[in-house]
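Chemist: So here's entry07.cif (mmCIF, C-alpha atoms).
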data_run
#
loop_
_atom_site.label_atom_id
_atom_site.label_comp_id
_atom_site.auth_asym_id
_atom_site.auth_seq_id
_atom_site.Cartn_x
_atom_site.Cartn_y
_atom_site.Cartn_z
CA MET A 16 -24.53 11.18 5.16
CA ASN A 17 -23.18 8.86 7.84
CA GLY A 18 -24.43 8.49 11.38
CA ALA A 19 -21.95 10.99 12.86
CA ASP A 20 -22.95 13.69 10.37
CA SER A 21 -26.64 13.04 11.00
CA ALA A 22 -26.16 13.34 14.75
CA ARG A 23 -24.14 16.54 14.34
CA SER A 24 -26.81 18.05 12.10
CA LEU A 25 -29.53 17.11 14.56
CA MET A 26 -27.67 18.64 17.49
CA THR A 27 -26.99 21.82 15.51
CA GLY A 28 -30.66 22.11 14.63
CA ILE A 29 -31.68 21.68 18.26
CA ALA A 30 -29.12 24.24 19.44
CA ASP A 31 -30.28 26.68 16.73
CA ALA A 32 -33.86 26.32 17.87
CA LEU A 33 -32.98 26.80 21.55
CA VAL A 34 -30.88 29.89 20.94
CA SER A 35 -33.55 31.36 18.66
CA VAL A 36 -36.32 30.80 21.20
CA ILE A 37 -34.44 31.76 24.37
CA PHE A 38 -32.31 34.70 23.19
CA ALA A 39 -34.15 35.71 19.98
CA PRO A 40 -31.06 37.29 18.35
CA HIS A 41 -31.80 39.70 15.53
CA CYS A 42 -30.22 39.82 12.09
CA ALA A 43 -27.67 42.60 11.74
CA GLY A 44 -29.07 43.44 8.32
CA CYS A 45 -32.87 43.34 8.53
CA ALA A 46 -33.39 43.16 12.33
CA ARG A 47 -35.62 40.08 12.03
CA VAL A 48 -35.18 37.23 14.50
CA LEU A 49 -32.59 34.81 13.16
CA GLU A 50 -33.89 31.36 12.33
CA HIS A 51 -30.38 29.89 12.41
CA PRO A 52 -28.36 32.08 14.80
CA LEU A 53 -25.46 29.61 14.97
CA GLU A 54 -24.79 30.22 11.27
CA GLY A 55 -23.95 33.88 11.86
CA ALA A 56 -25.28 37.31 12.77
CA VAL A 57 -26.81 37.90 9.32
CA CYS A 58 -29.65 35.91 7.77
CA ALA A 59 -29.29 34.22 4.39
CA SER A 60 -31.82 36.60 2.83
CA CYS A 61 -29.73 39.68 3.64
CA TRP A 62 -26.58 38.11 2.22
CA MET A 63 -28.47 37.32 -0.98
CA ASN A 64 -29.93 40.84 -1.23
CA ILE A 65 -26.58 42.67 -1.25
CA PRO A 66 -26.37 44.34 -4.70
CA LEU A 67 -22.90 43.88 -6.16
CA LEU A 68 -21.22 46.61 -8.17
CA SER A 69 -21.56 45.71 -11.82
CA PRO A 70 -19.29 46.75 -14.71
CA PRO A 71 -18.27 49.01 -16.24
CA LEU A 72 -16.20 50.05 -13.23
CA CYS A 73 -13.58 52.73 -12.75
CA ARG A 74 -10.24 50.93 -12.77
CA THR A 75 -8.85 53.26 -10.10
CA CYS A 76 -11.58 53.48 -7.43
CA GLY A 77 -13.96 50.71 -8.49
CA ASP A 78 -16.97 53.02 -8.72
CA MET A 79 -19.59 52.25 -11.36
CA LEU A 80 -19.32 54.16 -14.62
CA PRO A 81 -22.54 55.37 -16.24
CA SER A 82 -21.99 53.37 -19.43
CA TRP A 83 -19.44 51.35 -21.39
CA ARG A 84 -16.95 54.09 -22.19
CA ALA A 85 -13.71 52.09 -22.14
CA ILE A 86 -12.63 53.33 -25.55
CA SER A 87 -9.24 54.33 -24.12
CA VAL A 88 -7.21 53.84 -20.98
CA GLU A 89 -8.09 57.36 -19.85
CA MET A 90 -11.84 56.77 -20.16
CA GLU A 91 -11.69 53.71 -17.90
CA ARG A 92 -11.57 56.12 -14.96
CA CYS A 93 -14.39 58.08 -13.42
CA ALA A 94 -14.46 61.88 -13.54
CA ALA A 95 -13.26 62.20 -9.93
CA CYS A 96 -10.18 60.01 -10.53
CA ARG A 97 -9.33 61.85 -13.75
CA ARG A 98 -9.72 65.20 -12.02
CA ARG A 99 -7.57 64.34 -8.99
CA PRO A 100 -5.20 61.38 -9.59
CA GLY A 101 -4.05 59.73 -6.38
CA ALA A 102 -1.54 57.13 -5.25
CA ILE A 103 -3.96 54.21 -5.66
CA ASP A 104 -3.37 52.29 -8.90
CA ALA A 105 -6.53 50.15 -8.87
CA GLY A 106 -9.49 49.64 -6.55
CA ARG A 107 -12.51 47.43 -6.05
CA ALA A 108 -15.46 47.11 -3.66
CA ILE A 109 -18.27 44.63 -3.10
CA GLY A 110 -21.18 47.05 -3.31
CA MET A 111 -22.54 50.46 -2.44
CA TYR A 112 -22.66 51.54 1.20
CA GLU A 113 -26.43 51.34 1.50
CA GLY A 114 -29.24 48.97 2.46
CA GLU A 115 -28.25 45.60 3.87
CA LEU A 116 -24.54 46.11 3.22
CA ARG A 117 -24.50 49.35 5.21
CA ALA A 118 -26.27 47.68 8.14
CA ILE A 119 -23.88 44.71 8.04
CA VAL A 120 -20.77 46.92 7.94
CA HIS A 121 -22.15 49.04 10.79
CA ALA A 122 -22.79 45.94 12.91
CA PHE A 123 -19.32 44.60 12.12
CA LYS A 124 -17.52 47.86 12.81
CA TYR A 125 -19.42 49.44 15.68
CA GLU A 126 -21.31 46.58 17.34
CA GLY A 127 -18.41 44.15 17.39
CA ARG A 128 -20.13 41.39 15.37
CA ARG A 129 -16.85 40.05 14.11
CA THR A 130 -18.36 36.79 12.84
CA VAL A 131 -19.54 38.61 9.70
CA GLY A 132 -15.96 39.63 8.91
CA ARG A 133 -15.09 36.21 7.48
CA ARG A 134 -18.12 36.21 5.18
CA LEU A 135 -17.38 39.77 4.02
CA GLY A 136 -13.78 38.74 3.39
CA ASP A 137 -14.92 35.78 1.29
CA MET A 138 -17.14 38.07 -0.80
CA LEU A 139 -14.31 40.58 -1.16
CA ARG A 140 -11.94 37.84 -2.32
CA LEU A 141 -14.38 36.79 -5.04
CA THR A 142 -15.29 40.26 -6.30
CA SER A 143 -11.62 41.39 -6.30
CA ALA A 144 -10.05 38.20 -7.63
CA ASP A 145 -8.36 39.96 -10.54
CA LEU A 146 -6.76 42.55 -8.24
CA LEU A 147 -5.59 39.94 -5.73
CA SER A 148 -4.24 37.34 -8.13
CA ASP A 149 -0.69 38.70 -8.47
CA VAL A 150 -0.07 40.67 -5.26
CA ARG A 151 2.66 39.94 -2.73
CA ALA A 152 0.81 40.95 0.43
CA VAL A 153 -2.18 42.76 1.86
CA VAL A 154 -1.84 45.71 4.24
CA PRO A 155 -4.77 46.65 6.50
CA VAL A 156 -5.42 50.34 7.12
CA PRO A 157 -4.46 50.84 10.77
CA LEU A 158 -6.49 52.42 13.55
CA HIS A 159 -4.95 54.81 16.03
CA PRO A 160 -3.71 52.75 19.01
CA TRP A 161 -6.23 54.35 21.35
CA ARG A 162 -9.16 53.68 19.00
CA ARG A 163 -7.89 50.14 18.50
CA LEU A 164 -7.85 49.68 22.27
CA THR A 165 -11.35 51.08 22.82
CA ARG A 166 -12.92 49.18 19.89
CA GLY A 167 -11.09 45.97 20.70
CA PHE A 168 -10.19 45.07 17.12
CA ASN A 169 -9.32 46.54 13.76
CA GLN A 170 -12.02 45.69 11.23
CA ALA A 171 -9.60 46.19 8.32
CA ALA A 172 -7.22 43.60 9.82
CA ASP A 173 -10.06 41.07 10.17
CA LEU A 174 -10.94 41.57 6.50
CA ALA A 175 -7.28 41.30 5.45
CA HIS A 176 -6.83 37.96 7.22
CA ALA A 177 -9.94 36.63 5.48
CA LEU A 178 -8.34 37.11 2.05
CA ASP A 179 -5.96 34.18 2.58
CA LEU A 180 -2.89 36.17 1.55
CA PRO A 181 0.19 37.25 3.56
CA VAL A 182 -0.83 40.09 5.88
CA VAL A 183 1.78 42.75 6.65
CA HIS A 184 1.01 45.39 9.26
CA ALA A 185 3.32 47.86 7.57
CA LEU A 186 1.51 51.08 8.52
CA TRP A 187 1.11 53.01 11.75
CA ARG A 188 -1.40 55.73 12.51
CA SER A 189 0.84 58.29 14.14
CA ARG A 190 -1.88 60.69 15.32
CA ALA A 191 -5.55 60.53 16.14
CA THR A 192 -7.83 62.13 13.57
CA SER A 193 -11.40 63.33 13.71
CA PRO A 194 -13.99 60.87 12.36
CA GLN A 195 -14.24 61.19 8.59
CA ALA A 196 -18.04 60.79 8.54
CA GLY A 197 -19.73 64.00 7.45
CA LEU A 198 -16.55 65.70 6.21
CA THR A 199 -16.24 66.93 2.64
CA ALA A 200 -13.53 65.62 0.33
CA SER A 201 -11.18 68.53 0.99
CA ALA A 202 -11.74 68.30 4.74
CA ARG A 203 -11.05 64.56 4.65
CA ARG A 204 -7.74 65.11 2.89
CA ARG A 205 -6.71 67.73 5.45
CA ASN A 206 -7.84 65.47 8.28
CA VAL A 207 -5.56 62.53 7.35
CA ARG A 208 -2.63 64.44 5.87
CA GLY A 209 0.54 63.16 7.56
CA ALA A 210 -1.44 60.82 9.84
CA PHE A 211 0.29 57.62 8.63
CA ARG A 212 3.84 56.37 8.54
CA LEU A 213 5.65 53.05 8.46
CA SER A 214 5.04 51.00 11.57
CA PRO A 215 7.89 51.10 14.09
CA PHE A 216 7.22 47.40 14.76
CA VAL A 217 7.64 46.11 11.21
CA ARG A 218 11.05 44.63 10.44
CA VAL A 219 13.18 45.93 7.60
CA LYS A 220 13.47 42.38 6.29
CA THR A 221 9.67 42.16 6.09
CA LEU A 222 9.44 45.42 4.17
CA ASP A 223 12.15 44.29 1.77
CA SER A 224 10.36 40.98 1.16
CA TYR A 225 6.74 42.07 0.96
CA VAL A 226 6.65 45.78 0.09
CA ALA A 227 9.76 47.04 -1.73
CA GLY A 228 9.37 46.51 -5.46
CA GLN A 229 6.15 44.53 -4.93
CA ARG A 230 2.45 44.87 -5.66
CA VAL A 231 0.52 45.29 -2.42
CA VAL A 232 -3.17 45.70 -1.62
CA LEU A 233 -4.62 48.00 1.01
CA VAL A 234 -7.71 46.71 2.82
CA ASP A 235 -10.38 48.83 4.51
CA ASP A 236 -14.10 48.67 5.19
CA VAL A 237 -15.47 51.69 3.30
CA TRP A 238 -14.12 53.86 0.48
CA THR A 239 -15.72 57.30 0.34
CA THR A 240 -13.36 59.87 -1.16
CA GLY A 241 -10.23 57.72 -0.95
CA ALA A 242 -8.42 60.26 1.25
CA THR A 243 -7.32 57.69 3.84
CA LEU A 244 -6.40 55.04 1.29
CA ASN A 245 -4.41 57.46 -0.85
CA GLU A 246 -2.49 58.73 2.17
CA CYS A 247 -1.63 55.13 3.11
CA ALA A 248 -0.67 54.34 -0.49
CA ARG A 249 1.63 57.35 -0.56
CA VAL A 250 3.53 56.02 2.47
CA LEU A 251 3.83 52.54 0.94
CA LYS A 252 5.14 53.93 -2.34
CA GLU A 253 7.69 56.01 -0.47
CA ALA A 254 8.77 52.70 1.11
CA GLY A 255 9.37 51.29 -2.37
CA ALA A 256 6.08 49.59 -3.32
CA ALA A 257 5.86 49.20 -7.10
CA GLU A 258 2.06 49.27 -7.18
CA VAL A 259 -0.61 49.85 -4.54
CA ARG A 260 -4.16 48.63 -5.03
CA ALA A 261 -7.10 48.92 -2.65
CA VAL A 262 -10.08 46.71 -1.87
CA THR A 263 -12.95 47.66 0.40
CA VAL A 264 -16.25 46.15 1.42
CA ALA A 265 -18.35 49.14 0.39
CA ARG A 266 -18.19 52.22 -1.82
CA ALA A 267 -19.89 55.25 -0.27
CA LYS A 268 -21.01 58.43 -1.98
CA ALA A 269 -18.88 61.42 -0.97
CA PRO A 270 -20.81 64.14 0.91
CA ARG A 271 -21.18 67.35 -1.03
CA ALA A 272 -20.37 70.70 0.53
CA THR A 273 -22.98 73.43 0.25
CA GLY A 274 -22.87 77.18 0.69
CA LYS A 275 -20.12 79.73 0.23
CA ASN A 276 -18.06 78.14 3.00
CA ARG A 277 -18.17 74.64 1.48
CA ASP A 278 -14.52 73.99 2.24
CA LEU A 279 -14.85 75.12 5.82
CA ASP A 280 -17.72 72.85 6.88
CA SER A 281 -15.65 70.37 8.88
CA ALA A 282 -17.05 68.80 12.00
CA GLN A 283 -16.74 70.59 15.32
CA PRO A 284 -13.69 68.56 16.45
CA GLN A 285 -11.86 69.64 13.29
CA ARG A 286 -12.72 73.31 13.91
CA GLU A 287 -11.52 73.01 17.49
CA ALA A 288 -8.26 71.48 16.25
CA ASP A 289 -7.82 74.39 13.84
CA VAL A 290 -8.34 76.86 16.69
CA ARG A 291 -5.76 75.08 18.84
CA SER A 292 -3.31 75.09 15.93
CA LYS A 293 -3.87 78.82 15.42
CA HIS A 294 -3.09 79.59 19.04
CA ALA A 295 -0.08 77.29 18.97
CA ASP A 296 1.34 79.21 16.00
CA ARG A 297 1.25 82.65 17.62
CA ARG A 298 4.97 82.52 18.11
CA HIS A 299 5.28 82.50 14.28
CA THR A 300 3.11 85.59 13.82
CA ARG A 301 5.85 87.74 12.35
CA ASP A 302 6.58 85.05 9.75
CA LEU A 303 3.01 84.37 8.63
CA HIS A 304 2.76 87.07 5.96
CA ALA A 305 6.17 88.13 4.72
CA LEU A 306 8.21 87.95 1.57
CA ASN A 307 11.37 85.93 2.00
CA GLU A 308 14.54 86.12 -0.03
CA ASP A 309 13.11 83.76 -2.67
CA GLY A 310 10.10 85.96 -3.31
CA MET A 311 7.76 83.56 -1.53
CA VAL A 312 4.79 84.64 0.58
CA VAL A 313 4.64 82.13 3.42
CA CYS A 314 1.10 81.84 4.79
CA ASN A 315 1.93 78.96 7.10
CA PRO A 316 5.59 78.19 7.84
CA ARG A 317 4.75 74.53 8.60
CA ASP A 318 2.94 73.85 5.32
CA LYS A 319 5.10 74.21 2.22
CA GLU A 320 2.06 73.80 -0.04
CA ALA A 321 0.65 77.04 1.37
CA ALA A 322 3.61 79.08 0.11
CA HIS A 323 2.72 81.34 -2.82
CA ARG A 324 5.24 82.58 -5.36
CA ALA A 325 5.08 86.35 -5.72
CA ASP A 326 4.57 87.44 -9.32
CA MET A 327 5.49 91.09 -9.63
CA GLU A 328 3.24 91.46 -12.69
CA GLY A 329 0.13 90.52 -10.72
CA ILE A 330 -1.11 88.30 -7.94
CA ALA A 331 -1.38 85.04 -9.89
CA THR A 332 1.19 82.44 -8.91
CA ALA A 333 3.10 80.12 -11.16
CA ASP A 334 2.78 76.97 -9.07
CA HIS A 335 -0.28 77.15 -6.86
CA GLY A 336 -2.88 79.26 -8.64
CA ALA A 337 -4.24 82.54 -7.33
CA VAL A 338 -3.18 83.83 -3.96
CA THR A 339 -6.21 83.40 -1.72
CA CYS A 340 -4.98 84.89 1.53
CA ARG A 341 -6.23 88.48 1.86
CA LYS A 342 -3.15 89.59 3.73
CA CYS A 343 -0.90 88.04 1.08
CA ILE A 344 -2.75 89.89 -1.67
CA ASP A 345 -2.37 93.19 0.19
CA LEU A 346 1.30 92.45 0.78
CA LEU A 347 1.92 91.72 -2.89
CA TYR A 348 0.21 94.94 -3.99
CA LYS A 349 2.27 96.95 -1.51
CA HIS A 350 5.45 95.24 -2.69
CA LYS A 351 4.52 95.93 -6.31
CA ARG A 352 3.79 99.61 -5.66
CA ARG A 353 7.08 99.97 -3.76
CA ASN A 354 9.02 98.47 -6.66
CA GLU A 355 7.22 100.74 -9.13
CA GLY A 356 8.12 103.77 -6.98
CA GLN A 357 11.78 102.73 -6.89
CA THR A 358 12.00 102.24 -10.65
CA SER A 359 10.33 105.58 -11.39
#
What would you get if you wrote out this structure as structure tokens?
Modeler:
Amino acid sequence: MNGADSARSLMTGIADALVSVIFAPHCAGCARVLEHPLEGAVCASCWMNIPLLSPPLCRTCGDMLPSWRAISVEMERCAACRRRPGAIDAGRAIGMYEGELRAIVHAFKYEGRRTVGRRLGDMLRLTSADLLSDVRAVVPVPLHPWRRLTRGFNQAADLAHALDLPVVHALWRSRATSPQAGLTASARRRNVRGAFRLSPFVRVKTLDSYVAGQRVVLVDDVWTTGATLNECARVLKEAGAAEVRAVTVARAKAPRATGKNRDLDSAQPQREADVRSKHADRRHTRDLHALNEDGMVVCNPRDKEAAHRADMEGIATADHGAVTCRKCIDLLYKHKRRNEGQTS
């Protein structure tokens, strides 16, 4: 070590000591006073104590599998990914959203401690090296413009830039959504459905070079049910992406719904949005429960997935399972009885 390095080290040590004594900043992970605050907002002990996800891992979402079951391609996926395949082709995360990692992500995301973003990005690059080795670009999951303005930064963009790969802001959050925290898997999917599209500010040439026919990687902070990531991946694949992978800092356990109304336990903002939508659709009242010329019972004219095919031999549908709407069931029975009366 030469004289310049020795002097720099001495000055850094003095500055560390002064900052620690005067301001006493606390570690974002364990809340202890930082001994070396100039090295970052998280102490070395907390970085060392982050438990990494260990194989075997689900090749789709990156969640840990209970045992080595990779006897076939199908068994390399967890039960949730086999039950509901999405648009994500492969995924990976650093660790579970708990303990020190949860505290660090919370400080990064909500307290604006952006200095930890670079370190998290370095860890993400190492743990996801196999997924990042042959990709053309990384795409951060966007925030709604208003949330981006109020927060001051997009944590996913900070992580994406730390991966040392071309970053393409190809996506745009076209509407504000309720916070996903506390929502069940089905409520999360409803919450983000149609919330993303291609960014109006991305050039066609950029999309042709970095997205169309290419492997791209989505970047976000936390993967819970994958609803947001899958919706973003769907938009990228519609734009021509050959393969969409996803890397996140943490993997969180999905909240489980309880009670007979488990699919209706959304947060209050979601319920208020549903009420507003109901009142806005009053002009469609006459169309809500009617058979059209194709024999379809349209429960919601704006949602094609809610249309049920009328089976004159019963109420089961060919494409969407059993008809769940009470009014649709009554309508089908009336229609069936009327046809039976005409034939007799």
Chemist: At a cut-off of 6 Å, using all atoms listed in the file, what residues contact Ser189 of chain A? Leave out same-chain residues fewer than 2 positions from it and give the result as a list in words.
Modeler: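 The filter keeps Trp187, Ala210 and Phe211 of chain A.
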Chemist: Have a look at atom CA of Ala267 of chain A and atom CA of Glu113 of chain A and let me know their distance in Å, one decimal.
Modeler: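 These two atoms are separated by 7.8 Å.
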Chemist: In Å, with one decimal, what is the gap from atom CA of Tyr225 of chain A to atom CA of Phe168 of chain A?
Modeler: 23.6 Å
Chemist: Pick out the closest residue to Gly77 of chain A from this set: A:Lys268, A:Gly106, A:Leu135, A:Arg128. Count only C-alpha atoms.
Modeler: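 Of A:Lys268, A:Gly106, A:Leu135, A:Arg128, the one nearest Gly77 of chain A is A:Gly106, counting only C-alpha atoms.
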Chemist: Mind listing as a JSON list (two decimals) with C-alpha atoms, in the coordinates of the input all residues within 7 Å of (0.4, 50.0, 8.7), counting all atoms listed in the file?
Modeler:
[["chain", "number", "residue", "atom", "x", "y", "z"],
["A", 154, "VAL", "CA", -1.84, 45.71, 4.24],
["A", 155, "PRO", "CA", -4.77, 46.65, 6.50],
["A", 156, "VAL", "CA", -5.42, 50.34, 7.12],
["A", 157, "PRO", "CA", -4.46, 50.84, 10.77],
["A", 184, "HIS", "CA", 1.01, 45.39, 9.26],
["A", 185, "ALA", "CA", 3.32, 47.86, 7.57],
["A", 186, "LEU", "CA", 1.51, 51.08, 8.52],
["A", 187, "TRP", "CA", 1.11, 53.01, 11.75],
["A", 213, "LEU", "CA", 5.65, 53.05, 8.46],
["A", 214, "SER", "CA", 5.04, 51.00, 11.57]]
Chemist: Which residues of segment 129-175 of chain A come within 10 Å of segment 42-61 of chain A, and what is each one's closest atom pair and distance in Å (one decimal), counting all atoms listed in the file, sorted by chain and residue number, as CSV?
Modeler:
residue,atom,partner,partner_atom,distance
A:Arg129,CA,A:Ala56,CA,9.0
A:Thr130,CA,A:Gly55,CA,6.4
A:Val131,CA,A:Ala56,CA,6.6
A:Arg134,CA,A:Gly55,CA,9.2
Chemist: The PyMOL selection byres ((chain A and resi 99) around 12) on the file shown: which residues, as a list in words?
Modeler: Thr75, Cys76, Arg92, Cys93, Ala94, Ala95, Cys96, Arg97, Arg98, Pro100, Gly101, Ala102, Ile103, Ala200, Ser201, Arg204, Thr240, Gly241, Ala242 and Asn245 of chain A
Chemist: Atom CA of Pro181 of chain A and atom CA of Ala105 of chain A, how far apart in Å?
Modeler: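 Here the two named atoms are 19.1 Å from each other.
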Chemist: Check the smallest atom-to-atom distance from each of A:Met79, A:Ala256, A:Cys73, A:Leu233 to Glu91 of chain A using all atoms listed in the file, then report the winner.
Modeler: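 That would be A:Cys73, the residue with the smallest distance to Glu91 of chain A.
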Chemist: For Trp238 of chain A, which residue out of A:Gly255, A:Pro215, A:Gly132, A:Gly110 is the nearest one, using all atoms listed in the file?
Modeler: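 Checking each of A:Gly255, A:Pro215, A:Gly132, A:Gly110 against Trp238 of chain A, counting all atoms listed in the file, the winner is A:Gly110.
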Chemist: Out of A:Ala152, A:Val262, A:Ala118, A:Pro270, which residue has the shortest atom-to-atom distance to Met138 of chain A when counting only C-alpha atoms?
Modeler: A:Val262
Chemist: Assuming the chain letters and numbering stay as they are in my file, what does the PyMOL selection byres ((chain A and resi 116) around 10) actually select? List them as a ChimeraX atom specification.
Modeler: /A:43-44,61-62,64-67,109-115,117-122,135,264-265
